[in-house]
file query_36.cif (mmCIF, C-alpha atoms)
data_structure
loop_
_atom_site.label_atom_id
_atom_site.label_comp_id
_atom_site.auth_asym_id
_atom_site.auth_seq_id
_atom_site.Cartn_x
_atom_site.Cartn_y
_atom_site.Cartn_z
CA MET A 1 -5.77 12.32 -9.88
CA ASN A 2 -6.40 14.96 -12.52
CA GLU A 3 -8.82 16.82 -10.25
CA PHE A 4 -6.34 16.55 -7.44
CA ALA A 5 -3.67 18.04 -9.71
CA ARG A 6 -5.97 20.94 -10.56
CA ALA A 7 -6.71 21.48 -6.89
CA ILE A 8 -3.02 21.57 -6.01
CA HIS A 9 -2.48 24.06 -8.80
CA SER A 10 -5.27 26.21 -7.41
CA ILE A 11 -3.17 26.71 -4.27
CA TYR A 12 -0.88 28.79 -6.42
CA GLY A 13 -3.69 31.17 -7.16
CA GLU A 14 -3.59 30.77 -10.90
CA GLN A 15 -6.64 28.63 -11.41
CA LYS A 16 -9.98 29.11 -9.69
CA GLY A 17 -13.19 27.19 -9.44
CA VAL A 18 -11.98 23.75 -8.46
CA ASN A 19 -14.89 21.67 -7.32
CA ASP A 20 -14.06 20.01 -4.01
CA ASP A 21 -16.84 17.50 -4.60
CA CYS A 22 -14.65 15.82 -7.17
CA LEU A 23 -11.99 15.07 -4.57
CA GLU A 24 -11.66 12.09 -2.29
CA PRO A 25 -11.59 12.87 1.46
CA LEU A 26 -7.95 11.81 1.56
CA GLU A 27 -7.14 14.19 -1.28
CA LYS A 28 -8.79 17.04 0.60
CA GLU A 29 -6.65 16.14 3.60
CA ALA A 30 -3.53 16.20 1.40
CA ILE A 31 -4.41 19.64 0.10
CA SER A 32 -5.00 20.88 3.62
CA MET A 33 -1.65 19.42 4.64
CA VAL A 34 0.15 21.05 1.73
CA THR A 35 -1.44 24.43 2.27
CA SER A 36 -0.55 24.38 5.96
CA LEU A 37 3.07 23.40 5.47
CA ILE A 38 4.14 24.97 2.24
CA PRO A 39 4.15 28.66 1.40
CA THR A 40 1.72 29.65 -1.31
CA ASN A 41 3.71 32.47 -2.76
CA GLY A 42 4.89 30.17 -5.51
CA ASP A 43 8.48 30.28 -4.35
CA LEU A 44 8.54 26.71 -3.14
CA GLU A 45 12.00 26.08 -4.52
CA LYS A 46 13.45 28.85 -2.34
CA TYR A 47 11.56 27.50 0.66
CA LEU A 48 12.88 23.98 0.11
CA LYS A 49 16.40 25.29 -0.31
CA GLU A 50 16.14 27.11 3.00
CA GLN A 51 14.84 23.97 4.65
CA ILE A 52 17.69 21.86 3.36
CA GLU A 53 20.31 24.46 4.26
CA ALA A 54 18.83 24.75 7.72
CA GLY A 55 19.22 21.00 8.11
CA HIS A 56 15.51 20.34 8.48
CA TRP A 57 14.79 18.71 5.19
CA ALA A 58 16.21 16.14 2.86
CA ILE A 59 13.84 16.64 0.04
CA LEU A 60 15.44 14.50 -2.60
CA PRO A 61 14.28 10.92 -2.69
CA LEU A 62 16.66 8.02 -2.53
CA GLN A 63 17.02 6.42 -5.89
CA ASN A 64 18.92 3.71 -7.64
CA ASN A 65 22.35 4.81 -8.75
CA ASN A 66 21.58 8.41 -8.01
CA PRO A 67 24.51 10.28 -6.54
CA VAL A 68 22.19 12.71 -4.84
CA ILE A 69 21.41 10.65 -1.83
CA GLN A 70 20.50 12.77 1.13
CA ARG A 71 19.36 11.22 4.30
CA CYS A 72 17.26 13.29 6.55
CA PRO A 73 19.48 14.37 9.44
CA CYS A 74 16.52 13.87 11.73
CA ASN A 75 16.76 10.14 11.10
CA MET B 76 -0.74 30.52 4.76
CA GLY B 77 2.86 31.05 3.94
CA ASN B 78 3.88 31.83 7.50
CA SER B 79 5.67 28.59 8.21
CA THR B 80 9.31 29.12 8.99
CA PRO B 81 12.13 26.61 8.67
CA SER B 82 12.71 26.69 12.40
CA LYS B 83 9.15 25.57 13.03
CA GLN B 84 9.38 22.56 10.78
CA GLN B 85 9.98 19.45 12.78
CA PRO B 86 9.70 15.90 11.57
CA SER B 87 6.38 14.33 12.41
CA HIS B 88 8.08 10.98 12.78
CA SER B 89 11.54 9.67 12.17
CA LYS B 90 11.45 5.90 12.48
CA MET B 91 13.86 3.66 10.67
CA PRO B 92 12.68 0.70 8.63
CA LEU B 93 13.03 -2.74 10.14
CA GLN B 94 16.59 -3.93 9.73
CA LEU B 95 17.75 -7.42 8.91
CA THR B 96 20.88 -8.85 10.47
CA PRO B 97 24.07 -9.13 8.36
CA LEU B 98 23.93 -12.86 9.01
CA TYR B 99 20.49 -13.04 7.44
CA THR B 100 21.39 -11.01 4.36
CA ALA B 101 24.48 -13.21 3.95
CA SER B 102 22.17 -16.25 4.10
CA CYS B 103 20.12 -14.77 1.26
CA ARG B 104 23.23 -14.28 -0.86
CA ASP B 105 24.39 -17.83 -0.08
CA PHE B 106 20.99 -19.19 -1.06
CA ILE B 107 21.15 -17.40 -4.40
CA SER B 108 24.68 -18.57 -5.07
CA ASP B 109 23.95 -22.18 -4.09
CA MET B 110 20.77 -22.41 -6.15
CA LEU B 111 22.53 -21.09 -9.23
CA VAL B 112 25.32 -23.62 -8.77
CA ASP B 113 22.69 -26.35 -8.46
CA ALA B 114 20.74 -25.17 -11.47
CA ILE B 115 23.45 -24.23 -13.95
CA SER B 116 26.36 -26.34 -15.01
CA GLU B 117 27.62 -23.50 -17.21
CA ASP B 118 30.08 -21.83 -14.86
CA CYS B 119 30.56 -18.67 -16.92
CA TYR B 120 26.85 -17.83 -17.13
CA GLN B 121 26.33 -18.51 -13.45
CA LYS B 122 29.23 -16.19 -12.55
CA GLN B 123 27.88 -13.51 -14.85
CA ILE B 124 24.52 -13.49 -13.09
CA LEU B 125 26.15 -13.44 -9.67
CA GLY B 126 28.45 -10.65 -10.81
CA LEU B 127 25.49 -8.61 -11.99
CA MET B 128 23.67 -9.20 -8.76
CA SER B 129 26.73 -8.21 -6.75
CA ALA B 130 27.09 -5.00 -8.75
CA TYR B 131 23.41 -4.34 -8.20
CA TYR B 132 23.81 -4.85 -4.46
CA GLN B 133 26.63 -2.31 -4.36
CA ALA B 134 24.94 0.26 -6.59
CA ASN B 135 21.82 0.13 -4.47
CA ALA B 136 23.44 0.03 -1.07
CA GLN B 137 20.98 2.56 0.30
CA ASP B 138 18.03 0.54 -0.86
CA PHE B 139 19.48 -2.59 0.65
CA ALA B 140 20.22 -0.86 3.93
CA GLY B 141 16.63 0.30 4.07
CA GLY B 142 15.26 -3.12 3.33
CA PHE B 143 13.90 -2.17 -0.03
CA GLU B 144 15.39 -5.15 -1.85
CA PHE B 145 14.54 -7.45 1.03
CA LEU B 146 10.90 -6.49 1.04
CA PRO B 147 9.46 -10.02 1.46
CA SER B 148 11.82 -10.70 4.37
CA ILE B 149 11.10 -7.33 5.98
CA ILE B 150 7.36 -7.95 5.84
CA CYS B 151 7.78 -11.47 7.16
CA GLN B 152 9.92 -10.23 10.03
CA ALA B 153 7.31 -7.67 10.98
CA LEU B 154 4.51 -10.24 10.95
CA PHE B 155 6.15 -13.42 12.20
CA PRO B 156 9.88 -13.28 12.97
CA PRO B 157 10.28 -17.05 13.47
CA GLY B 158 9.25 -17.56 9.84
CA ILE B 159 11.92 -15.37 8.37
CA GLU B 160 14.06 -18.25 7.07
CA ARG B 161 11.10 -19.23 4.89
CA ALA B 162 11.15 -15.77 3.33
CA ILE B 163 14.59 -16.31 1.80
CA PRO B 164 13.40 -17.91 -1.48
CA PHE B 165 10.73 -15.18 -1.83
CA THR B 166 13.36 -12.49 -1.37
CA ALA B 167 15.71 -14.23 -3.81
CA ALA B 168 12.93 -14.37 -6.41
CA TRP B 169 12.16 -10.69 -5.79
CA GLN B 170 15.79 -9.72 -6.27
CA PHE B 171 16.02 -11.69 -9.52
CA ILE B 172 12.86 -10.04 -10.81
CA ARG B 173 14.11 -6.58 -9.81
CA LEU B 174 17.45 -7.22 -11.49
CA ALA B 175 15.82 -8.48 -14.68
CA ALA B 176 13.46 -5.48 -14.75
CA LYS B 177 16.36 -3.09 -14.21
CA ILE B 178 18.41 -4.62 -17.03
CA PHE B 179 15.50 -4.72 -19.47
CA ASP B 180 14.66 -1.14 -18.55
CA ASP B 181 18.22 0.02 -19.17
CA VAL B 182 18.29 -1.72 -22.55
CA GLU B 183 14.93 -0.21 -23.52
CA ASP B 184 16.05 3.25 -22.43
CA GLY B 185 19.27 2.93 -24.43
CA GLU B 186 21.43 3.17 -21.32
CA ILE B 187 23.13 -0.12 -22.19
CA ARG B 188 24.86 0.13 -25.54
CA GLU B 189 27.33 -2.76 -25.50
CA ALA B 190 26.89 -6.52 -25.48
CA ILE B 191 23.14 -6.08 -25.74
CA PRO B 192 22.32 -9.67 -26.82
CA GLU B 193 24.35 -11.12 -23.94
CA THR B 194 22.78 -8.64 -21.51
CA ILE B 195 19.26 -9.54 -22.61
CA ASN B 196 20.12 -13.21 -22.21
CA LEU B 197 21.32 -12.59 -18.65
CA ALA B 198 18.12 -10.72 -17.81
CA THR B 199 16.09 -13.56 -19.28
CA GLY B 200 18.05 -15.96 -17.09
CA CYS B 201 17.11 -13.87 -14.05
CA LEU B 202 13.42 -14.33 -14.84
CA PHE B 203 13.81 -18.09 -14.82
CA ALA B 204 16.04 -17.91 -11.74
CA ALA B 205 13.17 -16.20 -9.92
CA GLN B 206 10.90 -19.12 -10.74
CA PHE B 207 13.58 -21.58 -9.71
CA ALA B 208 14.09 -19.77 -6.40
CA LEU B 209 10.40 -20.17 -5.60
CA SER B 210 10.53 -23.86 -6.49
CA GLN B 211 13.10 -24.23 -3.71
CA LEU B 212 10.40 -23.42 -1.17
CA THR B 213 9.81 -27.18 -0.85
CA LYS B 214 13.06 -27.26 1.13
CA PHE B 215 11.50 -24.79 3.58
CA ASP B 216 8.45 -26.95 4.27
CA VAL B 217 6.12 -24.87 2.14
CA SER B 218 3.30 -26.86 0.56
CA ARG B 219 3.13 -27.49 -3.18
CA ASP B 220 -0.22 -25.73 -3.31
CA LYS B 221 1.22 -22.61 -1.78
CA ILE B 222 4.24 -22.66 -4.07
CA SER B 223 1.94 -23.02 -7.04
CA LEU B 224 -0.08 -20.03 -5.82
CA VAL B 225 2.92 -17.73 -5.35
CA MET B 226 4.35 -18.70 -8.75
CA GLU B 227 1.01 -18.12 -10.44
CA ARG B 228 0.62 -14.74 -8.74
CA LEU B 229 4.16 -13.72 -9.70
CA ALA B 230 3.53 -14.64 -13.34
CA GLN B 231 0.25 -12.73 -13.36
CA LEU B 232 1.59 -9.57 -11.75
CA SER B 233 4.77 -9.67 -13.86
CA LEU B 234 2.62 -9.78 -16.97
CA ARG B 235 0.77 -6.71 -15.74
CA ALA B 236 4.09 -4.98 -15.13
CA CYS B 237 5.10 -5.77 -18.71
CA ALA B 238 1.80 -4.36 -19.92
CA GLY B 239 2.53 -1.16 -17.99
CA GLN B 240 6.03 -0.94 -19.41
CA HIS B 241 4.64 -1.49 -22.90
CA ALA B 242 2.15 1.34 -22.42
CA ASP B 243 4.93 3.60 -21.13
CA LEU B 244 7.22 2.82 -24.06
CA THR B 245 4.42 3.30 -26.57
CA MET B 246 3.43 6.65 -25.07
CA ASN B 247 6.99 7.96 -25.20
CA LYS B 248 7.60 6.63 -28.69
CA ASN B 249 4.47 8.26 -30.06
CA TYR B 250 5.05 11.51 -28.13
CA SER B 251 1.57 11.06 -26.72
CA ILE B 252 0.30 13.48 -24.12
CA LEU B 253 -0.21 11.72 -20.83
CA ASP B 254 -2.23 13.22 -17.98
CA PRO B 255 -1.70 12.41 -14.28
CA ASP B 256 -4.52 9.84 -14.37
CA GLY B 257 -2.81 8.03 -17.24
CA TRP B 258 0.54 8.29 -15.50
CA LEU B 259 -0.90 6.71 -12.35
CA LYS B 260 -2.40 3.85 -14.31
CA ILE B 261 0.94 3.06 -15.92
CA ALA B 262 2.90 3.44 -12.65
CA SER B 263 0.43 1.15 -10.89
CA LEU B 264 1.04 -1.50 -13.50
CA LYS B 265 4.75 -1.25 -14.21
CA SER B 266 5.91 -0.80 -10.63
CA GLY B 267 2.97 -1.19 -8.27
CA GLU B 268 2.13 -4.74 -9.32
CA LEU B 269 5.64 -6.09 -8.72
CA PHE B 270 5.98 -4.40 -5.35
CA ALA B 271 2.53 -5.69 -4.50
CA TRP B 272 3.74 -9.23 -5.17
CA ALA B 273 6.86 -8.75 -3.02
CA ALA B 274 4.92 -7.41 -0.03
CA TRP B 275 2.21 -10.05 -0.45
CA ALA B 276 4.87 -12.78 -0.69
CA GLY B 277 6.34 -11.66 2.62
CA ALA B 278 2.90 -11.92 4.19
CA VAL B 279 2.39 -15.36 2.63
CA ALA B 280 5.70 -16.49 4.13
CA ALA B 281 4.54 -15.29 7.53
CA SER B 282 0.85 -15.98 7.70
CA GLU B 283 -2.00 -18.12 6.38
CA ASN B 284 -4.44 -15.28 7.01
CA MET B 285 -5.73 -14.13 3.63
CA GLU B 286 -6.91 -10.77 4.93
CA ILE B 287 -3.41 -9.98 6.13
CA GLN B 288 -1.99 -11.12 2.79
CA SER B 289 -4.48 -8.93 0.95
CA LYS B 290 -3.59 -5.86 3.01
CA PHE B 291 0.06 -6.27 2.17
CA LEU B 292 -0.82 -6.58 -1.49
CA ASP B 293 -2.28 -3.06 -1.19
CA PHE B 294 0.69 -1.88 0.85
CA GLY B 295 3.14 -3.04 -1.82
CA GLN B 296 1.09 -1.48 -4.59
CA HIS B 297 1.40 1.95 -2.98
CA LEU B 298 5.08 1.42 -2.25
CA GLY B 299 5.68 0.65 -5.92
CA ILE B 300 3.86 3.79 -7.01
CA ILE B 301 5.82 6.00 -4.64
CA VAL B 302 9.05 4.60 -6.07
CA GLN B 303 7.92 5.90 -9.46
CA ILE B 304 6.98 9.28 -7.98
CA ALA B 305 10.41 9.53 -6.36
CA ASP B 306 12.08 8.52 -9.61
CA ASP B 307 10.26 11.28 -11.47
CA PHE B 308 11.06 13.82 -8.76
CA VAL B 309 14.78 13.11 -9.11
CA GLY B 310 14.43 13.05 -12.89
CA LEU B 311 13.52 16.73 -12.80
CA TRP B 312 14.90 18.19 -9.59
CA GLY B 313 17.77 15.87 -8.66
CA LYS B 314 21.42 16.81 -8.92
CA ASP B 315 21.42 15.76 -12.56
CA GLY B 316 17.88 17.07 -12.82
CA GLY B 317 16.51 17.48 -16.26
CA ASP B 318 17.37 13.99 -17.49
CA ASP B 319 13.70 13.27 -17.99
CA LEU B 320 13.35 16.50 -19.96
CA THR B 321 16.26 15.79 -22.27
CA GLN B 322 15.01 12.23 -22.75
CA GLY B 323 11.53 13.47 -23.60
CA LYS B 324 9.90 11.32 -20.93
CA SER B 325 6.30 11.79 -19.84
CA SER B 326 7.22 11.97 -16.18
CA LEU B 327 4.69 12.92 -13.52
CA PRO B 328 5.71 16.59 -13.10
CA ILE B 329 5.53 17.04 -16.86
CA CYS B 330 2.10 15.38 -17.00
CA TYR B 331 1.00 17.68 -14.19
CA ALA B 332 2.31 20.83 -15.83
CA ARG B 333 0.69 20.00 -19.14
CA LEU B 334 -2.64 19.50 -17.41
CA VAL B 335 -2.68 22.75 -15.46
CA VAL B 336 -0.72 25.22 -17.57
CA ARG B 337 -2.81 27.88 -19.28
CA GLY B 338 -2.58 30.55 -21.94
CA GLN B 339 0.67 31.72 -23.41
CA GLU B 340 2.69 29.78 -20.87
CA ARG B 341 1.35 26.57 -22.39
CA GLU B 342 2.95 27.42 -25.73
CA ILE B 343 6.21 28.35 -24.05
CA LEU B 344 6.24 25.14 -22.03
CA GLU B 345 5.54 22.93 -25.05
CA GLN B 346 8.26 24.68 -27.04
CA CYS B 347 10.74 24.27 -24.19
CA LEU B 348 9.84 20.59 -23.77
CA THR B 349 10.38 19.96 -27.46
CA GLU B 350 13.70 21.80 -27.49
CA ALA B 351 14.81 20.13 -24.26
CA SER B 352 14.19 16.71 -25.78
CA LEU B 353 16.53 17.74 -28.59
CA GLY B 354 19.27 18.51 -26.07
CA ASN B 355 18.78 22.24 -25.49
CA LEU B 356 19.84 22.71 -21.86
CA GLU B 357 18.59 26.28 -21.65
CA SER B 358 15.12 25.16 -22.67
CA SER B 359 15.38 22.33 -20.17
CA GLN B 360 16.08 24.84 -17.40
CA THR B 361 13.19 27.07 -18.48
CA ALA B 362 10.81 24.13 -18.58
CA ARG B 363 11.90 23.09 -15.09
CA GLU B 364 11.30 26.62 -13.80
CA ILE B 365 7.82 26.71 -15.29
CA ILE B 366 6.91 23.33 -13.84
CA THR B 367 8.21 24.39 -10.43
CA ARG B 368 6.28 27.65 -10.58
CA LEU B 369 3.11 25.77 -11.47
CA GLY B 370 3.41 23.78 -8.24
CA GLY B 371 4.96 20.60 -9.61
CA GLN B 372 6.96 19.92 -6.46
CA SER B 373 3.94 20.37 -4.23
CA PHE B 374 1.98 18.02 -6.44
CA LEU B 375 4.59 15.27 -6.30
CA ILE B 376 5.09 15.59 -2.55
CA SER B 377 1.38 15.55 -1.84
CA THR B 378 0.83 12.65 -4.23
CA ALA B 379 3.58 10.73 -2.45
CA TRP B 380 1.88 11.57 0.84
CA LEU B 381 -1.41 10.22 -0.53
CA GLU B 382 0.20 6.92 -1.46
CA ARG B 383 1.78 6.58 1.97
CA GLN B 384 -1.54 7.39 3.61
CA LYS B 385 -3.32 4.72 1.56
CA ALA B 386 -0.70 2.22 2.74
CA VAL B 387 -1.26 3.39 6.32
CA ASN B 388 -4.98 2.84 5.94
CA ALA B 389 -4.41 -0.64 4.52
CA LEU B 390 -2.29 -1.78 7.45
CA ASN B 391 -3.96 0.16 10.24
CA VAL B 392 -6.62 -2.51 10.70
CA LEU B 393 -4.05 -5.25 11.27
CA PRO B 394 -3.03 -6.39 14.76
CA LEU B 395 0.52 -5.11 14.49
CA SER B 396 2.30 -3.07 17.11
CA LEU B 397 2.64 0.65 16.52
CA GLU B 398 6.40 0.22 16.45
CA LYS B 399 6.23 -2.33 13.64
CA LYS B 400 3.74 -0.29 11.66
CA GLU B 401 5.89 2.78 11.87
CA ALA B 402 8.90 0.75 10.81
CA LEU B 403 6.99 -0.49 7.76
CA PHE B 404 5.79 2.98 6.87
CA ALA B 405 9.38 4.19 7.18
CA LEU B 406 10.01 2.24 3.96
CA PHE B 407 8.06 5.00 2.24
CA ASP B 408 10.02 7.74 3.94
CA ASN B 409 13.23 6.01 2.96
CA VAL B 410 12.23 6.28 -0.68
CA PHE B 411 11.05 9.86 -0.28
CA PRO B 412 12.70 11.37 2.81
CA ALA B 413 10.68 14.60 2.68
CA LEU B 414 7.68 12.54 3.83
CA THR B 415 9.35 12.25 7.22
CA HIS B 416 8.21 15.81 7.82
CA PHE B 417 4.61 15.30 6.84
CA PRO B 418 2.12 13.96 9.36
CA TYR B 419 -0.21 11.07 8.86
CA GLU B 420 -3.80 11.94 8.14
CA SER B 421 -5.26 13.67 11.18
CA SER B 422 -8.52 11.76 11.17
CA THR B 423 -6.89 8.33 11.12
CA PRO B 424 -3.95 8.23 13.51
CA LEU B 425 -2.00 5.02 13.68
CA SER B 426 -3.93 2.55 15.75
CA LEU B 427 -2.34 1.38 18.92
CA ASN B 428 -2.65 -2.38 18.76
CA SER B 429 -0.50 -3.96 21.36
CA ASN B 430 0.52 -7.13 19.55
#
call {"tool": "encode", "arguments": {"input": "query_36.cif", "output": "structure tokens"}}
result
Amino acid sequence: MNEFARAIHSIYGEQKGVNDDCLEPLEKEAISMVTSLIPTNGDLEKYLKEQIEAGHWAILPLQNNNPVIQRCPCN
Amino acid sequence: MGNSTPSKQQPSHSKMPLQLTPLYTASCRDFISDMLVDAISEDCYQKQILGLMSAYYQANAQDFAGGFEFLPSIICQALFPPGIERAIPFTAAWQFIRLAAKIFDDVEDGEIREAIPETINLATGCLFAAQFALSQLTKFDVSRDKISLVMERLAQLSLRACAGQHADLTMNKNYSILDPDGWLKIASLKSGELFAWAAWAGAVAASENMEIQSKFLDFGQHLGIIVQIADDFVGLWGKDGGDDLTQGKSSLPICYARLVVRGQEREILEQCLTEASLGNLESSQTAREIITRLGGQSFLISTAWLERQKAVNALNVLPLSLEKKEALFALFDNVFPALTHFPYESSTPLSLNSN
């Protein structure tokens, strides 16, 4: 999981030289998925906000006793 | 990269988890009430436990609606609907365990400050109530051997959960630095093991097939981990985000940030984390911004995706209909709705068994 964390961080262009050989195939798939769906300019928060405001996303997870319960409108 | 637009983002799937009928959930509540009446002559204590459980039901209405607290019954319904009555004692035991864990957790976190001895005694009662609920399986034509097995497995996995909680408490108390690997190990123990039991129990109620039971053990393990990921996401970015920072918790985004941060930003982050744990809200905000900038949200979302994918892989080999599989995987999306928008792994699409 540590190597996976480093690989995710490398998407943000601040850390180079991650060795893909250390990653499981599924982790490589996850990184590919993230890089294809999420902007890499580091402004993820702004992107998520736009998604939520546009009604496409409900990013916050459901949690016990948490008032911030947002169901995805697509459901 | 970076050219995705909001308008292009469509959910890859949007299934709802399997739903139980109101009549069935009422039967579960009646079972719990009746077994407590049978077991306890002390009326006050019995009412206290039922009151706690009722409050828990209401506070977690979303979880209940999604089947989260009825996990054994949901699994049983997916595998073998005619056996769902037999899942009631399993679900009752699961709810008692969850309630006990929640109470103990709140006491340990200092969130309960009044009547602590009485509260601990109620939580202890819930642990025994879980065992008693399973003993009632004899009334559902479950063999003694099977009952013994499910009780043994519950005791074993509960012990592992306690070991995970102990490690978590010790880490926080000693201000130890935890990396994502260490976080995963603790989350697997403290949450994964209990969810593994619940999912496995549902499969045991439905089937004698040990391979099926084993696959649901894996499924539950990943579900339990994703609950912890979701909890940590909300702890930093939820409406009251920053709670985990002010409480000095070693949550997953903090573990991630500490692993990847470099140079001068490392010093700033550590200083902000220290000040945030002392109640400095400005430092809390700065720490959150740094963690976000480092890719903390991406990491948590992709880690949640990984856990869901592992659960998909565990169940994909089973002869379940696509509809039922999707309904089971929707449990994950219910915990972490953003996953609705992320596809399953491209190389392993859901298999189309026709059962």
call {"tool": "residues_around", "arguments": {"input": "query_36.cif", "residues": "B:Ala273", "least_positions_apart": "3", "cutoff": "7 Å", "atoms": "all atoms listed in the file", "output": "PDB file with C-alpha atoms, keeping the file's coordinate frame"}}
result
ATOM      1  CA  LEU B 146      10.900  -6.490   1.040  1.00  0.00           C
ATOM      2  CA  PRO B 147       9.460 -10.020   1.460  1.00  0.00           C
ATOM      3  CA  TRP B 169      12.160 -10.690  -5.790  1.00  0.00           C
ATOM      4  CA  LEU B 269       5.640  -6.090  -8.720  1.00  0.00           C
ATOM      5  CA  PHE B 270       5.980  -4.400  -5.350  1.00  0.00           C
ATOM      6  CA  ALA B 276       4.870 -12.780  -0.690  1.00  0.00           C
ATOM      7  CA  GLY B 277       6.340 -11.660   2.620  1.00  0.00           C
ATOM      8  CA  GLY B 295       3.140  -3.040  -1.820  1.00  0.00           C
TER       9      GLY B 295
END
call {"tool": "residues_near_point", "arguments": {"input": "query_36.cif", "point": "(-7.6, 9.2, -11.9)", "cutoff": "6 Å", "atoms": "only C-alpha atoms", "output": "MDAnalysis selection string"}}
result
(chainID A and resid 1:2) or (chainID B and resid 256)
call {"tool": "atom_distance", "arguments": {"input": "query_36.cif", "atom1": "atom CA of B:Cys151", "atom2": "atom CA of B:Gln240"}}
result
28.6 Å
call {"tool": "residues_around", "arguments": {"input": "query_36.cif", "residues": "B:Glu160", "least_positions_apart": "5", "cutoff": "9 Å", "atoms": "all atoms listed in the file", "output": "MDAnalysis selection string"}}
result
chainID B and resid 99 102 148 215
call {"tool": "atom_distance", "arguments": {"input": "query_36.cif", "atom1": "atom CA of B:Asn284", "atom2": "atom CA of B:Leu395"}}
result
13.6 Å
call {"tool": "residues_near_point", "arguments": {"input": "query_36.cif", "point": "(23.4, -4.0, -16.9)", "cutoff": "7 Å", "atoms": "all atoms listed in the file", "output": "PyMOL selection string"}}
result
chain B and resi 178+181+187+194
call {"tool": "atom_distance", "arguments": {"input": "query_36.cif", "atom1": "atom CA of B:Leu327", "atom2": "atom CA of B:His297"}}
result
15.6 Å
call {"tool": "residues_around", "arguments": {"input": "query_36.cif", "residues": "stretch 353-358 of chain B", "least_positions_apart": "5", "cutoff": "9 Å", "atoms": "all atoms listed in the file", "output": "ChimeraX atom specification"}}
result
/B:317,320-323,344,346-348,363
call {"tool": "residues_around", "arguments": {"input": "query_36.cif", "residues": "stretch 364-380 of chain B", "least_positions_apart": "2", "cutoff": "7 Å", "atoms": "only C-alpha atoms", "output": "short mmCIF file (atom, residue, chain, number, x, y, z; two decimals) with C-alpha atoms, keeping the file's coordinate frame"}}
result
data_model
loop_
_atom_site.label_atom_id
_atom_site.label_comp_id
_atom_site.auth_asym_id
_atom_site.auth_seq_id
_atom_site.Cartn_x
_atom_site.Cartn_y
_atom_site.Cartn_z
CA ALA A 5 -3.67 18.04 -9.71
CA ILE A 8 -3.02 21.57 -6.01
CA HIS A 9 -2.48 24.06 -8.80
CA TYR A 12 -0.88 28.79 -6.42
CA ALA A 30 -3.53 16.20 1.40
CA VAL A 34 0.15 21.05 1.73
CA GLY A 42 4.89 30.17 -5.51
CA ILE B 301 5.82 6.00 -4.64
CA ILE B 304 6.98 9.28 -7.98
CA PRO B 328 5.71 16.59 -13.10
CA TYR B 331 1.00 17.68 -14.19
CA ALA B 332 2.31 20.83 -15.83
CA GLN B 360 16.08 24.84 -17.40
CA THR B 361 13.19 27.07 -18.48
CA ALA B 362 10.81 24.13 -18.58
CA GLU B 382 0.20 6.92 -1.46
CA ARG B 383 1.78 6.58 1.97
CA GLN B 384 -1.54 7.39 3.61
CA LEU B 414 7.68 12.54 3.83
#
call {"tool": "residues_around", "arguments": {"input": "query_36.cif", "residues": "B:Leu390", "least_positions_apart": "5", "cutoff": "8 Å", "atoms": "all atoms listed in the file", "output": "list of chain:residue names"}}
result
B:Lys290, B:Phe291, B:Phe294, B:Lys400
call {"tool": "decode", "arguments": {"input": "query_36.cif", "residues": "stretch 1-11 of chain A", "atoms": "N, CA and C atoms", "output": "tab-separated table (two decimals), in the first residue's frame"}}
result
chain	number	residue	atom	x	y	z
A	1	MET	N	0.83	-1.21	0.00
A	1	MET	CA	0.00	0.00	0.00
A	1	MET	C	0.86	1.26	0.00
A	2	ASN	N	2.04	1.17	0.60
A	2	ASN	CA	2.93	2.33	0.61
A	2	ASN	C	3.39	2.68	-0.81
A	3	GLU	N	3.73	1.65	-1.59
A	3	GLU	CA	4.16	1.90	-2.97
A	3	GLU	C	3.01	2.47	-3.78
A	4	PHE	N	1.83	1.97	-3.51
A	4	PHE	CA	0.65	2.47	-4.20
A	4	PHE	C	0.44	3.95	-3.86
A	5	ALA	N	0.63	4.28	-2.60
A	5	ALA	CA	0.50	5.68	-2.16
A	5	ALA	C	1.51	6.56	-2.90
A	6	ARG	N	2.73	6.07	-3.00
A	6	ARG	CA	3.76	6.86	-3.70
A	6	ARG	C	3.40	7.03	-5.18
A	7	ALA	N	2.85	5.97	-5.74
A	7	ALA	CA	2.47	6.03	-7.16
A	7	ALA	C	1.34	7.03	-7.37
A	8	ILE	N	0.37	7.04	-6.49
A	8	ILE	CA	-0.72	8.01	-6.59
A	8	ILE	C	-0.14	9.43	-6.49
A	9	HIS	N	0.77	9.59	-5.55
A	9	HIS	CA	1.37	10.91	-5.38
A	9	HIS	C	2.13	11.34	-6.63
A	10	SER	N	2.70	10.38	-7.32
A	10	SER	CA	3.47	10.72	-8.52
A	10	SER	C	2.59	11.31	-9.61
A	11	ILE	N	1.29	11.02	-9.55
A	11	ILE	CA	0.35	11.59	-10.52
A	11	ILE	C	0.38	13.11	-10.42
